[in-house]
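*Asks:* A single structure is presented below for examination.
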Amino acid sequence: MSTKTVSDSNAAVIEDRAQLVDYFARGEKPKDRWRIGTEHEKFVYWKTADHRAPSYEEPGGIHALLIGLTHYGWKPVYEGDNIIALSGPDGAISLEPAGQFELSGAPLENLHETCAETGRHLQQVKEVGDRLGIGFLGLGMWHDKTRAELPIMPKGRYKIMLSHMPRVGSLGLDMMLRTCTIQVNLDYATEADMAKKFRVGLALQPLATALFANSPFTEGKPNGFLSFRSNIWSDTDPARTGMLPFVFEDGFGYERYTDYALDVPMYFVYRDGKYIDAAGQSFRDFLKGELPAYPGHKPTIDDWADHLSTAFPEVRMKQFLEMRGADGGRWGRICALPAFWVGLLYDDAALDAAWDLVKGWSMDERETLRSAVPRLALDAPIPGGGKLKDIAGEVLDISAAGLNARARLNASGDNESGFLDPLREIVRTGKVPAQVLLDRFNGEWAGDITRVYEEAKF
């Protein structure tokens with residue numbers, strides 16, 4: 001989730017709706033300026049017998065972890081008196097609501113740089129963690145923690161969201177407190193390019209969810225899902241989640257997404273370092289200067305950017321597109337997710353081939369597939385017959401072709417397609433990460449859930 005770094009009270013006021021639409025148009029970039037931004041979260045735990053999640057303020061806890069990372073050149077970002085994030089050349093480090101640790105990577109030119117950035121970050125957090133007695137896990141959901149066992153980070157927006165979530169869904173608190181994800185942010189050249197990428201991203205997001213499914217346990221027991229993290233989104237808040245059917249309608253573009261975002265209920269207004277609770281209120285009223293939480297004031301473009309970060313569909317647009325379907329995982333899978341999407345979306349021939357594969361699916365068929373994947377992963381039925389695993393290899397081939405065509409080589413002469421190898425192994429074996437965990441839990445681990453810490457640690 002986003003972290004505010006400065007107050008926006010002096011920013012220019014939005015005078016009309018056209019400025020909201022233009023915000024997306026200003027994200028357009030020529031192909032030679034397209035970049036890759038990778039975000040990944042991990043769970044933090046004490047390396048003690050109880051594997052407790054550290055709080056922010058306790059000795060050696062999350063605050064100490066942040067301070068420890070400043071020795072690598074990271075600069076503190078404050079909210080009030082609390083350090084709640086770090087900024088540096090590798091992007092930003094931020095805290096999710098229960099202390100999940102996130103790197104929002106810098107916009108980079110190729111996947112070799114992306115994976116190197118991931119490696120630097122993991123080395124740094126592990127070095128600091130080792131000194132503090134803290135470890136890190138690559139999973140989609142806490143496998144053994146109840147909500148009550150988890151700490152809350154001192155960020156104003158989280159207080160508002162934690163209060164609002166139970167009003168609109170039964171699993172929103174789980175989303176905030178007990179999940180981790182990997183995401184990738186990608187650019188677009190024009191409105192038409194954005195629309196095509198958005199459509200391919202939504203249609204194939206269930207395949208990404210399946211390949212990265214890594215959350216089969218809740219509170220120490222199998223939960224009946226392979227990606228419970230993905231299932232959580234089905235009952236978080238229907239006003240700000242889902243597959244966005246309008247994206248597949250003729251004429252979809254910046255204006256239609258603007259209308260969607262305007263209809264997403266607000267969470268807050270940020271002014272002078274403080275969050276004003278506007279949960280459930282309308283950004284349309286804000287545009288008129290009639291927001292009940294902040295009467296007589298109109299929004300700035302920074303308020304619009306904040307508001308866009310509070311919508312959680314399977315693909316989200318800001319001034320780039322976010323692919324949001326994957327569970328958290330370890331290093332190889334962190335590198336594999338951007339490879340999957342860059343290969344499909346950053347080469348014209350690959351994008352055309354991916355769209356040809358899915359363009360005949362109806363919206364009902366897309367929704368059915370999305371609903372089936374959290375339980376079935378690659379065994380979910382696809383439109384026209386067969387299962388998702390039947391097209392997984394073909395999609396990876398399309399992605400690999402796109403990466404080969406990019407011809408971005410490292411010092412050894414390797415292109416980017418090797419980053420897909422962890423996904424090819426999943427397709428070869430037919431078992432997603434969650435199924436491997438379940439096999440071990442039901443087999444050699446004899447139901448010992450603590451073995452997950454050794455299996456999934458960084």
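Residues in the structure tokens are numbered from 1 in each chain, the chains being A, B, ... in the order shown, and ligands are numbered from 1 in the order shown.
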In range 111-336 of chain A, what's helix (DSSP H, G or I) per DSSP? Answer as an NGL selection string?
*Replies:* :A and (111-132 or 147-149 or 156-168 or 172-178 or 191-211 or 228-235 or 245-248 or 254-263 or 283-287 or 301-308 or 331-336)
*Asks:* Can you list, as a ChimeraX atom specification, every protein, DNA or RNA residue that comes within 8 Å of range 37-45 of chain A when you count only C-alpha atoms, leaving out same-chain residues fewer than 4 positions away?
*Replies:* /A:51-54,99-108,114,134-139,142,180-186,328-329,334,338
*Asks:* Residues of the last selection are to be written out with C-alpha atoms, as a JSON list (two decimals), in the first residue's frame.
*Replies:*
```json
[["chain", "number", "residue", "atom", "x", "y", "z"],
["A", 51, "HIS", "CA", 7.87, -17.36, 15.80],
["A", 52, "ARG", "CA", 5.93, -14.32, 16.99],
["A", 53, "ALA", "CA", 5.45, -11.35, 14.64],
["A", 54, "PRO", "CA", 7.40, -8.37, 16.04],
["A", 99, "GLY", "CA", 4.38, -5.24, 9.76],
["A", 100, "GLN", "CA", 4.68, -7.06, 6.44],
["A", 101, "PHE", "CA", 7.82, -5.62, 4.90],
["A", 102, "GLU", "CA", 7.55, -4.31, 1.33],
["A", 103, "LEU", "CA", 10.06, -3.19, -1.26],
["A", 104, "SER", "CA", 8.53, -1.03, -3.98],
["A", 105, "GLY", "CA", 11.37, -1.23, -6.42],
["A", 106, "ALA", "CA", 12.70, 1.52, -8.65],
["A", 107, "PRO", "CA", 11.58, 1.72, -12.31],
["A", 108, "LEU", "CA", 14.23, -0.34, -14.10],
["A", 114, "THR", "CA", 15.08, -6.12, -11.31],
["A", 134, "ILE", "CA", 14.40, -11.62, 12.93],
["A", 135, "GLY", "CA", 13.55, -13.78, 9.91],
["A", 136, "PHE", "CA", 11.49, -13.29, 6.74],
["A", 137, "LEU", "CA", 8.99, -15.55, 4.96],
["A", 138, "GLY", "CA", 7.89, -15.71, 1.32],
["A", 139, "LEU", "CA", 4.22, -16.80, 1.49],
["A", 142, "TRP", "CA", 0.32, -16.17, 7.37],
["A", 180, "CYS", "CA", 1.63, -10.79, 1.17],
["A", 181, "THR", "CA", 1.89, -10.36, -2.58],
["A", 182, "ILE", "CA", 4.25, -9.80, -5.48],
["A", 183, "GLN", "CA", 3.23, -7.15, -8.03],
["A", 184, "VAL", "CA", 4.70, -5.62, -11.14],
["A", 185, "ASN", "CA", 4.06, -2.15, -12.54],
["A", 186, "LEU", "CA", 4.29, -1.63, -16.29],
["A", 328, "GLY", "CA", 4.06, -13.74, -2.10],
["A", 329, "GLY", "CA", 6.98, -16.12, -2.57],
["A", 334, "ILE", "CA", 9.85, -12.54, -7.22],
["A", 338, "PRO", "CA", 7.79, -9.43, -13.81]]
```
*Asks:* Find the residues of range 54-139 of chain A that sit at most 9 Å from range 394-415 of chain A; for each, write down the nearest two atoms and how far apart they are in Å, to one decimal. Count only C-alpha atoms. Sort by chain, then by number going up, and give it as a tab-separated table.
*Replies:*
```
residue	atom	partner	partner_atom	distance
A:Glu109	CA	A:Arg408	CA	9.0
A:Asn110	CA	A:Arg408	CA	6.7
A:Leu111	CA	A:Arg408	CA	8.2
A:His112	CA	A:Asn410	CA	6.5
A:Glu113	CA	A:Asn410	CA	9.0
```
*Asks:* Selection from above, N, CA and C atoms, as a PDB file, in the first residue's frame, can you write it?
*Replies:*
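Output below, filename result09.pdb:
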```
ATOM      1  N   GLU A 109      15.135  -0.809 -16.295  1.00  0.00           N
ATOM      2  CA  GLU A 109      15.056  -1.034 -17.733  1.00  0.00           C
ATOM      3  C   GLU A 109      14.875  -2.495 -18.105  1.00  0.00           C
ATOM      4  N   ASN A 110      15.384  -3.416 -17.291  1.00  0.00           N
ATOM      5  CA  ASN A 110      15.308  -4.822 -17.674  1.00  0.00           C
ATOM      6  C   ASN A 110      15.210  -5.711 -16.445  1.00  0.00           C
ATOM      7  N   LEU A 111      14.964  -6.991 -16.691  1.00  0.00           N
ATOM      8  CA  LEU A 111      14.740  -7.935 -15.613  1.00  0.00           C
ATOM      9  C   LEU A 111      16.022  -8.325 -14.891  1.00  0.00           C
ATOM     10  N   HIS A 112      17.150  -8.221 -15.553  1.00  0.00           N
ATOM     11  CA  HIS A 112      18.416  -8.468 -14.873  1.00  0.00           C
ATOM     12  C   HIS A 112      18.595  -7.450 -13.742  1.00  0.00           C
ATOM     13  N   GLU A 113      18.271  -6.198 -14.029  1.00  0.00           N
ATOM     14  CA  GLU A 113      18.352  -5.165 -12.997  1.00  0.00           C
ATOM     15  C   GLU A 113      17.324  -5.419 -11.901  1.00  0.00           C
TER      16      GLU A 113
END
```
*Asks:* Can you list, as a PDB file with N, CA and C atoms, in the first residue's frame, every protein, DNA or RNA residue that comes within 12 Å of Arg120 in chain A when you count only C-alpha atoms, leaving out same-chain residues fewer than 5 positions away?
*Replies:*
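Heads up, here's the output in part-v6.pdb:
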```
ATOM      1  N   LEU A  69      18.382  -0.597   8.496  1.00  0.00           N
ATOM      2  CA  LEU A  69      18.545  -0.465   7.047  1.00  0.00           C
ATOM      3  C   LEU A  69      19.075   0.900   6.637  1.00  0.00           C
ATOM      4  N   TYR A  72      22.535   1.258   5.135  1.00  0.00           N
ATOM      5  CA  TYR A  72      22.798   0.943   3.729  1.00  0.00           C
ATOM      6  C   TYR A  72      22.437   2.128   2.820  1.00  0.00           C
ATOM      7  N   PRO A  89      17.859   4.629  -3.551  1.00  0.00           N
ATOM      8  CA  PRO A  89      18.011   4.405  -4.995  1.00  0.00           C
ATOM      9  C   PRO A  89      17.311   3.154  -5.491  1.00  0.00           C
ATOM     10  N   ASP A  90      17.030   2.192  -4.603  1.00  0.00           N
ATOM     11  CA  ASP A  90      16.294   0.992  -5.007  1.00  0.00           C
ATOM     12  C   ASP A  90      14.798   1.130  -4.773  1.00  0.00           C
ATOM     13  N   GLY A  91      14.297   2.365  -4.646  1.00  0.00           N
ATOM     14  CA  GLY A  91      12.866   2.574  -4.519  1.00  0.00           C
ATOM     15  C   GLY A  91      12.478   2.976  -3.115  1.00  0.00           C
ATOM     16  N   LEU A 103       9.223  -3.996  -0.381  1.00  0.00           N
ATOM     17  CA  LEU A 103      10.059  -3.191  -1.256  1.00  0.00           C
ATOM     18  C   LEU A 103       9.251  -2.820  -2.485  1.00  0.00           C
ATOM     19  N   GLY A 105      10.122  -1.440  -5.715  1.00  0.00           N
ATOM     20  CA  GLY A 105      11.374  -1.227  -6.418  1.00  0.00           C
ATOM     21  C   GLY A 105      11.359  -0.030  -7.348  1.00  0.00           C
ATOM     22  N   GLU A 113      18.271  -6.198 -14.029  1.00  0.00           N
ATOM     23  CA  GLU A 113      18.352  -5.165 -12.997  1.00  0.00           C
ATOM     24  C   GLU A 113      17.324  -5.419 -11.901  1.00  0.00           C
ATOM     25  N   THR A 114      16.136  -5.839 -12.282  1.00  0.00           N
ATOM     26  CA  THR A 114      15.083  -6.119 -11.305  1.00  0.00           C
ATOM     27  C   THR A 114      15.507  -7.208 -10.331  1.00  0.00           C
ATOM     28  N   CYS A 115      16.043  -8.299 -10.848  1.00  0.00           N
ATOM     29  CA  CYS A 115      16.421  -9.405  -9.976  1.00  0.00           C
ATOM     30  C   CYS A 115      17.632  -9.035  -9.115  1.00  0.00           C
ATOM     31  N   VAL A 125      18.105  -6.909   4.239  1.00  0.00           N
ATOM     32  CA  VAL A 125      17.167  -7.197   5.335  1.00  0.00           C
ATOM     33  C   VAL A 125      17.596  -8.434   6.107  1.00  0.00           C
ATOM     34  N   LYS A 126      18.192  -9.398   5.428  1.00  0.00           N
ATOM     35  CA  LYS A 126      18.655 -10.589   6.137  1.00  0.00           C
ATOM     36  C   LYS A 126      19.831 -10.258   7.049  1.00  0.00           C
ATOM     37  N   GLU A 127      20.741  -9.396   6.604  1.00  0.00           N
ATOM     38  CA  GLU A 127      21.864  -9.016   7.460  1.00  0.00           C
ATOM     39  C   GLU A 127      21.383  -8.287   8.711  1.00  0.00           C
ATOM     40  N   TRP A 331      12.717 -15.702  -3.624  1.00  0.00           N
ATOM     41  CA  TRP A 331      13.441 -14.872  -4.581  1.00  0.00           C
ATOM     42  C   TRP A 331      13.155 -15.242  -6.036  1.00  0.00           C
TER      43      TRP A 331
END
```
*Asks:* Report as a PyMOL selection string: the residues of range 272-367 of chain A with a DSSP assignment of strand (DSSP E), based on the backbone of this structure.
*Replies:* chain A and resi 274-277+312-313+315-317+321-327
